[in-house]
Amino acid sequence: MNENALAIQIEGLLFSLGRPLTRAELCKAMGAELDMVEVALATLRARTRGGIVLVDDGKVVELRTAPAAAELVEKIRKEEYSRDIGKAGLEALAAVIYRGPLSRSEIDFIRGVNSSQTLRTLLMRGLVRKISNPKDERSFLYEPTTELLAELGVAHKDELPDYVSVQEKLRTLETAYRAQELLVPTEEPA
Amino acid sequence: MNENALAIQIEGLLFSLGRPLTRAELCKAMGAELDMVEVALATLRARTRGGIVLVDDGKVVELRTAPAAAELVEKIRKEEYSRDIGKAGLEALAAVIYRGPLSRSEIDFIRGVNSSQTLRTLLMRGLVRKISNPKDERSFLYEPTTELLAELGVAHKDELPDYVSVQEKLRTLETAYRAQELLVPTEEPA
Amino acid sequence: MWEMQTRPHVKTEVFEGPLELLLELIEKRKLHISDVSLAAVCDEYIARISAHTELPVGETAEFVTLAATLLLIKSRSLLPTLALSEEESRDIKELEYRLALYQLIKDAARSVGEATKSPALYEGSAPAPEPMFLFDASITKESLLGAAQTLIVGFPKSLVLPKVAVKKIVSIEEMITQMAARVSSAFRLSFKEFAGMNKQASAHARHEIIISFLALLELVKQGIIKANQGEHFSDIVLESDSVSVPSYE
């Protein structure tokens, strides 16, 4: 692999993982020698004209927002945080509270639309948190944070209005729908 | 702000927010006109030599890892991806990609089968999204998302195999049918 | 990004919908989509759907409606004098169009399927901002309950049947009976027309009509026999009576 191909891979990897990586980790991931990795990193550092820059402290490297965009990012973040979570946010939150803990795909199933963006917002605002899934260690479950419940004035989610009946209704609908999906031979299982 | 500075800011914003943004959101955030934003987006799209690419579904843009980094990212993230979409799902997607946006009944008409369950699954996976139908407020249209394009490994619809030729064939067929229909007055297809 | 879902695998049908079956029959014979090819595959289409005791849920009406159009096309190929109503010729044109459209989309779906095997473009992970708690006043016990209720109401209760199709014919047998009646009346009509025409010409035409119609009846019978219900046989007897009409002369 030449250093340009290596640079592309390193950039893609850093972007996808979203955390700092050590040189040792990079060498291992690429199956490349350190001197090759250094050349590739130099290529990436030299790219200074975009909105994303490579930050290198000599030990770990990380992708960051370019200083030229920092101010704007800050402004937009603030705006986003001051906004309501909206209808989608309330629905996802209701699913998590009344039927949770749930995995992302279960939330998608209940809402009938993809919820990844919505959950990201809820996570960032500290309204829900991820816990590990006892059934599958690769995935997570979402549950309401204690701060959220406290703000709603309940010690436990089952103190919420109609908690049991809403939960029951949702469960019945889900079961019925899944059963029906199995009966219909026209659909490949998702 | 010139379009290069705009491109840097857009890239930085997409990177740090880590989610897809609509053209409307970009215009608002930048305080720029759409045509300026388009020029900046074209600049970003043209940058194809890095590990990060701009995926554009025509309405929404998003940063994703470049195809050249896919294998490595897959290896490192070690996540299980269920990429199987199934025959029904692929047909509905093809209809939406090559002839969309389409209403559910238009998709049913093309496939000769009720597609509501298929579409729900595609919505859940974020492969299509619902938009309101300009001709009929009560109904929705389905259109492709950046998630779908990314899943197909392309940054833009026109990079899909046979995109232009399939569109051309569809148009020819349509024109021939409409011309013929004019001879026999008829209602809109369901 | 997608999580694995483990569900029992459902054995799928060889064909999902009527257009798919029809296209398969035409492509198997390496034919182009036209009224000629549609007439050619009519018998097999009916045989195939008759052999399926259970058609895919909710699609039966669509299968049968399409069979009716096919029978009409076949009838016309056997009975060239059969005059089609405006609606009937529109149905035929529409079927040909839908089939051509579906063929294109089906091929495109294959390309889309191939594209899913190419390297995907993966999501990035934005640098995580510091943990915080940002409440929003719109989140209340009431608004959450309301959102939960929206989820309940929005949940698909059952598969919605296409409204148009439901209004149409419900069973294959019933449809064939109706078609037989339709063709038979067309035959009587053309017989009356011929009766008023030049003697020689009409004798020749009548001869052709009888042969065509017998062939058509054979086809209709093939479709009905499977149902082995006496009442449908009586329909055929009725049609045979009308066939015997010209021999009174």
# chains A, B, ... in the order shown; residues from 1 in each chain; ligands from 1
$ residues_around --residues "Met36 (chain A)" --least-positions-apart "2" --cutoff "12 Å" --atoms "only C-alpha atoms" --output "MDAnalysis selection string"
chainID A and resid 1:7 10 23 26:27 30:34 38:43
$ calpha_fit_rmsd --fixed "chain B" --moving "chain A"
15.3 Å
$ select_by_dssp --residues "region 87-131 of chain A" --states "strand (DSSP E or B)" --output "list in words"
Leu102, Val128, Arg129, Lys130 and Ile131 of chain A
$ write_last_selection --atoms "C-alpha atoms" --output "short mmCIF file (atom, residue, chain, number, x, y, z; two decimals), in the first residue's frame"
data_model
loop_
_atom_site.label_atom_id
_atom_site.label_comp_id
_atom_site.auth_asym_id
_atom_site.auth_seq_id
_atom_site.Cartn_x
_atom_site.Cartn_y
_atom_site.Cartn_z
CA LEU A 102 -35.08 -0.79 24.33
CA VAL A 128 -31.54 9.02 27.78
CA ARG A 129 -28.45 6.93 28.32
CA LYS A 130 -27.01 3.76 26.86
CA ILE A 131 -26.67 0.64 28.96
#
$ closest_residue --among "B:Leu54, B:Leu72, B:Val166, B:Val154" --to "Ala94 (chain B)" --atoms "only C-alpha atoms"
B:Val166
$ atom_distance --atom1 "CA of Gly51 (chain B)" --atom2 "CA of Ala69 (chain A)"
19.7 Å
$ closest_residue --among "B:Ile107, B:Leu141, B:Leu17, B:Val164" --to "chain C" --atoms "only C-alpha atoms"
B:Leu17
$ residues_around --residues "His32 (chain C)" --least-positions-apart "3" --cutoff "12 Å" --atoms "only C-alpha atoms" --output "list of chain:residue names"
C:Leu22, C:Leu23, C:Glu24, C:Leu25, C:Ile26, C:Glu27, C:Lys28, C:Arg29, C:Asp35, C:Val36, C:Ser37, C:Leu38, C:Ala39, C:Ala40, C:Val41, C:Glu96, C:Leu99, C:Ala100, C:Gln103
$ write_last_selection --atoms "N, CA and C atoms" --output "PDB file, in the first residue's frame"
ATOM      1  N   LEU C  22     -46.513 -13.128 -14.084  1.00  0.00           N
ATOM      2  CA  LEU C  22     -46.749 -12.931 -15.506  1.00  0.00           C
ATOM      3  C   LEU C  22     -45.437 -12.661 -16.248  1.00  0.00           C
ATOM      4  N   LEU C  23     -44.625 -11.814 -15.647  1.00  0.00           N
ATOM      5  CA  LEU C  23     -43.334 -11.487 -16.266  1.00  0.00           C
ATOM      6  C   LEU C  23     -42.454 -12.727 -16.371  1.00  0.00           C
ATOM      7  N   GLU C  24     -42.497 -13.524 -15.314  1.00  0.00           N
ATOM      8  CA  GLU C  24     -41.700 -14.750 -15.317  1.00  0.00           C
ATOM      9  C   GLU C  24     -42.114 -15.659 -16.472  1.00  0.00           C
ATOM     10  N   LEU C  25     -43.434 -15.784 -16.690  1.00  0.00           N
ATOM     11  CA  LEU C  25     -43.935 -16.655 -17.752  1.00  0.00           C
ATOM     12  C   LEU C  25     -43.521 -16.142 -19.131  1.00  0.00           C
ATOM     13  N   ILE C  26     -43.562 -14.831 -19.287  1.00  0.00           N
ATOM     14  CA  ILE C  26     -43.192 -14.245 -20.581  1.00  0.00           C
ATOM     15  C   ILE C  26     -41.686 -14.372 -20.823  1.00  0.00           C
ATOM     16  N   GLU C  27     -40.927 -14.081 -19.773  1.00  0.00           N
ATOM     17  CA  GLU C  27     -39.470 -14.140 -19.930  1.00  0.00           C
ATOM     18  C   GLU C  27     -38.978 -15.572 -20.141  1.00  0.00           C
ATOM     19  N   LYS C  28     -39.699 -16.511 -19.538  1.00  0.00           N
ATOM     20  CA  LYS C  28     -39.338 -17.920 -19.696  1.00  0.00           C
ATOM     21  C   LYS C  28     -39.432 -18.332 -21.164  1.00  0.00           C
ATOM     22  N   ARG C  29     -40.415 -17.759 -21.851  1.00  0.00           N
ATOM     23  CA  ARG C  29     -40.587 -18.067 -23.275  1.00  0.00           C
ATOM     24  C   ARG C  29     -39.767 -17.139 -24.156  1.00  0.00           C
ATOM     25  N   ASP C  35     -49.631  -8.010 -26.765  1.00  0.00           N
ATOM     26  CA  ASP C  35     -50.873  -8.768 -26.577  1.00  0.00           C
ATOM     27  C   ASP C  35     -50.707 -10.216 -27.043  1.00  0.00           C
ATOM     28  N   VAL C  36     -49.810 -10.414 -28.016  1.00  0.00           N
ATOM     29  CA  VAL C  36     -49.568 -11.777 -28.495  1.00  0.00           C
ATOM     30  C   VAL C  36     -48.942 -12.641 -27.389  1.00  0.00           C
ATOM     31  N   SER C  37     -47.903 -12.094 -26.755  1.00  0.00           N
ATOM     32  CA  SER C  37     -47.246 -12.884 -25.708  1.00  0.00           C
ATOM     33  C   SER C  37     -48.169 -13.055 -24.508  1.00  0.00           C
ATOM     34  N   LEU C  38     -48.973 -12.043 -24.224  1.00  0.00           N
ATOM     35  CA  LEU C  38     -49.894 -12.141 -23.089  1.00  0.00           C
ATOM     36  C   LEU C  38     -50.942 -13.231 -23.345  1.00  0.00           C
ATOM     37  N   ALA C  39     -51.421 -13.316 -24.596  1.00  0.00           N
ATOM     38  CA  ALA C  39     -52.384 -14.360 -24.939  1.00  0.00           C
ATOM     39  C   ALA C  39     -51.726 -15.734 -24.804  1.00  0.00           C
ATOM     40  N   ALA C  40     -50.442 -15.784 -25.172  1.00  0.00           N
ATOM     41  CA  ALA C  40     -49.728 -17.065 -25.151  1.00  0.00           C
ATOM     42  C   ALA C  40     -49.544 -17.613 -23.737  1.00  0.00           C
ATOM     43  N   VAL C  41     -49.414 -16.731 -22.755  1.00  0.00           N
ATOM     44  CA  VAL C  41     -49.138 -17.210 -21.402  1.00  0.00           C
ATOM     45  C   VAL C  41     -50.395 -17.274 -20.536  1.00  0.00           C
ATOM     46  N   GLU C  96     -50.106  -3.907 -20.169  1.00  0.00           N
ATOM     47  CA  GLU C  96     -48.853  -3.953 -20.932  1.00  0.00           C
ATOM     48  C   GLU C  96     -47.867  -2.924 -20.396  1.00  0.00           C
ATOM     49  N   LEU C  99     -46.526  -3.956 -16.967  1.00  0.00           N
ATOM     50  CA  LEU C  99     -45.594  -5.076 -17.085  1.00  0.00           C
ATOM     51  C   LEU C  99     -44.225  -4.598 -17.569  1.00  0.00           C
ATOM     52  N   ALA C 100     -44.239  -3.689 -18.539  1.00  0.00           N
ATOM     53  CA  ALA C 100     -42.982  -3.145 -19.054  1.00  0.00           C
ATOM     54  C   ALA C 100     -42.278  -2.338 -17.963  1.00  0.00           C
ATOM     55  N   GLN C 103     -40.872  -4.670 -15.407  1.00  0.00           N
ATOM     56  CA  GLN C 103     -39.678  -5.334 -15.928  1.00  0.00           C
ATOM     57  C   GLN C 103     -38.444  -4.447 -15.737  1.00  0.00           C
TER      58      GLN C 103
END
$ closest_atom_pairs --of "chain B" --to "chain A" --cutoff "9 Å" --atoms "only C-alpha atoms" --output "JSON lines"
{"residue": "B:Asn4", "atom": "CA", "partner": "A:Arg49", "partner_atom": "CA", "distance": 8.9}
{"residue": "B:Ala5", "atom": "CA", "partner": "A:Ala68", "partner_atom": "CA", "distance": 8.3}
{"residue": "B:Ala7", "atom": "CA", "partner": "A:Gly51", "partner_atom": "CA", "distance": 7.5}
{"residue": "B:Ile8", "atom": "CA", "partner": "A:Gly51", "partner_atom": "CA", "distance": 4.2}
{"residue": "B:Gln9", "atom": "CA", "partner": "A:Ala69", "partner_atom": "CA", "distance": 4.7}
{"residue": "B:Ile10", "atom": "CA", "partner": "A:Gly51", "partner_atom": "CA", "distance": 7.2}
{"residue": "B:Glu11", "atom": "CA", "partner": "A:Gly51", "partner_atom": "CA", "distance": 4.8}
{"residue": "B:Gly12", "atom": "CA", "partner": "A:Gly51", "partner_atom": "CA", "distance": 4.1}
{"residue": "B:Leu13", "atom": "CA", "partner": "A:Val73", "partner_atom": "CA", "distance": 5.6}
{"residue": "B:Leu14", "atom": "CA", "partner": "A:Gly51", "partner_atom": "CA", "distance": 9.0}
{"residue": "B:Phe15", "atom": "CA", "partner": "A:Thr65", "partner_atom": "CA", "distance": 6.8}
{"residue": "B:Ser16", "atom": "CA", "partner": "A:Thr65", "partner_atom": "CA", "distance": 6.2}
{"residue": "B:Leu17", "atom": "CA", "partner": "A:Val73", "partner_atom": "CA", "distance": 7.7}
{"residue": "B:Arg19", "atom": "CA", "partner": "A:Gln117", "partner_atom": "CA", "distance": 6.9}
{"residue": "B:Pro20", "atom": "CA", "partner": "A:Gln117", "partner_atom": "CA", "distance": 8.5}
{"residue": "B:Ala29", "atom": "CA", "partner": "A:Ile76", "partner_atom": "CA", "distance": 6.8}
{"residue": "B:Met30", "atom": "CA", "partner": "A:Leu72", "partner_atom": "CA", "distance": 8.0}
{"residue": "B:Leu44", "atom": "CA", "partner": "A:Gly50", "partner_atom": "CA", "distance": 9.0}
{"residue": "B:Arg49", "atom": "CA", "partner": "A:Ile8", "partner_atom": "CA", "distance": 7.4}
{"residue": "B:Gly50", "atom": "CA", "partner": "A:Ile8", "partner_atom": "CA", "distance": 5.1}
{"residue": "B:Gly51", "atom": "CA", "partner": "A:Ile8", "partner_atom": "CA", "distance": 4.2}
{"residue": "B:Ile52", "atom": "CA", "partner": "A:Gly12", "partner_atom": "CA", "distance": 5.8}
{"residue": "B:Arg64", "atom": "CA", "partner": "A:Ser16", "partner_atom": "CA", "distance": 8.0}
{"residue": "B:Thr65", "atom": "CA", "partner": "A:Gly12", "partner_atom": "CA", "distance": 5.1}
{"residue": "B:Ala66", "atom": "CA", "partner": "A:Gly12", "partner_atom": "CA", "distance": 6.6}
{"residue": "B:Ala68", "atom": "CA", "partner": "A:Gln9", "partner_atom": "CA", "distance": 6.9}
{"residue": "B:Ala69", "atom": "CA", "partner": "A:Gln9", "partner_atom": "CA", "distance": 4.7}
{"residue": "B:Ala70", "atom": "CA", "partner": "A:Gly12", "partner_atom": "CA", "distance": 7.9}
{"residue": "B:Leu72", "atom": "CA", "partner": "A:Gln9", "partner_atom": "CA", "distance": 7.1}
{"residue": "B:Val73", "atom": "CA", "partner": "A:Leu13", "partner_atom": "CA", "distance": 5.7}
{"residue": "B:Lys75", "atom": "CA", "partner": "A:Ala29", "partner_atom": "CA", "distance": 8.7}
{"residue": "B:Ile76", "atom": "CA", "partner": "A:Ala29", "partner_atom": "CA", "distance": 7.3}
{"residue": "B:Arg77", "atom": "CA", "partner": "A:Leu17", "partner_atom": "CA", "distance": 7.7}
{"residue": "B:Lys78", "atom": "CA", "partner": "A:Arg138", "partner_atom": "CA", "distance": 8.9}
{"residue": "B:Glu79", "atom": "CA", "partner": "A:Arg138", "partner_atom": "CA", "distance": 7.2}
{"residue": "B:Glu80", "atom": "CA", "partner": "A:Arg138", "partner_atom": "CA", "distance": 8.3}
{"residue": "B:Ser82", "atom": "CA", "partner": "A:Ala190", "partner_atom": "CA", "distance": 8.4}
{"residue": "B:Asp84", "atom": "CA", "partner": "A:Ala190", "partner_atom": "CA", "distance": 7.4}
{"residue": "B:Ile85", "atom": "CA", "partner": "A:Ala190", "partner_atom": "CA", "distance": 6.7}
{"residue": "B:Gly86", "atom": "CA", "partner": "A:Glu188", "partner_atom": "CA", "distance": 5.3}
{"residue": "B:Lys87", "atom": "CA", "partner": "A:Glu188", "partner_atom": "CA", "distance": 7.2}
{"residue": "B:Ala88", "atom": "CA", "partner": "A:Glu187", "partner_atom": "CA", "distance": 6.5}
{"residue": "B:Gly89", "atom": "CA", "partner": "A:Glu188", "partner_atom": "CA", "distance": 8.1}
{"residue": "B:Val113", "atom": "CA", "partner": "A:Thr186", "partner_atom": "CA", "distance": 8.8}
{"residue": "B:Gln117", "atom": "CA", "partner": "A:Glu187", "partner_atom": "CA", "distance": 7.7}
{"residue": "B:Thr118", "atom": "CA", "partner": "A:Glu187", "partner_atom": "CA", "distance": 6.8}
{"residue": "B:Arg120", "atom": "CA", "partner": "A:Gly112", "partner_atom": "CA", "distance": 5.9}
{"residue": "B:Thr121", "atom": "CA", "partner": "A:Ala190", "partner_atom": "CA", "distance": 7.0}
{"residue": "B:Leu122", "atom": "CA", "partner": "A:Val113", "partner_atom": "CA", "distance": 8.3}
{"residue": "B:Leu123", "atom": "CA", "partner": "A:Val113", "partner_atom": "CA", "distance": 4.8}
{"residue": "B:Met124", "atom": "CA", "partner": "A:Val113", "partner_atom": "CA", "distance": 4.1}
{"residue": "B:Arg125", "atom": "CA", "partner": "A:Asn114", "partner_atom": "CA", "distance": 5.6}
{"residue": "B:Gly126", "atom": "CA", "partner": "A:Asn114", "partner_atom": "CA", "distance": 4.8}
{"residue": "B:Leu127", "atom": "CA", "partner": "A:Asn114", "partner_atom": "CA", "distance": 8.6}
{"residue": "B:Arg129", "atom": "CA", "partner": "A:Val113", "partner_atom": "CA", "distance": 8.2}
$ atom_distance --atom1 "CA of Ser34 (chain C)" --atom2 "CA of Arg76 (chain C)"
13.3 Å
$ atom_distance --atom1 "CA of Arg99 (chain A)" --atom2 "CA of Tyr163 (chain A)"
9.4 Å
$ residues_around --residues "Gly153 (chain B)" --least-positions-apart "6" --cutoff "6 Å" --atoms "only C-alpha atoms" --output "list of chain:residue names"
C:Ser118, C:Pro119, C:Ala120, C:Leu121
$ closest_residue --among "B:Ala92, B:Asp35, B:Ala150, B:Asp158" --to "Gly124 (chain C)" --atoms "only C-alpha atoms"
B:Ala150
$ closest_residue --among "A:Val55, A:Leu90, A:Leu21, A:Val96" --to "Ile139 (chain C)" --atoms "only C-alpha atoms"
A:Leu90
$ select_by_dssp --residues "region 15-137 of chain B" --states "alpha helix (DSSP H)" --output "PyMOL selection string"
chain B and resi 15-17+23-30+34-46+70-77+86-99+104-111+116-124
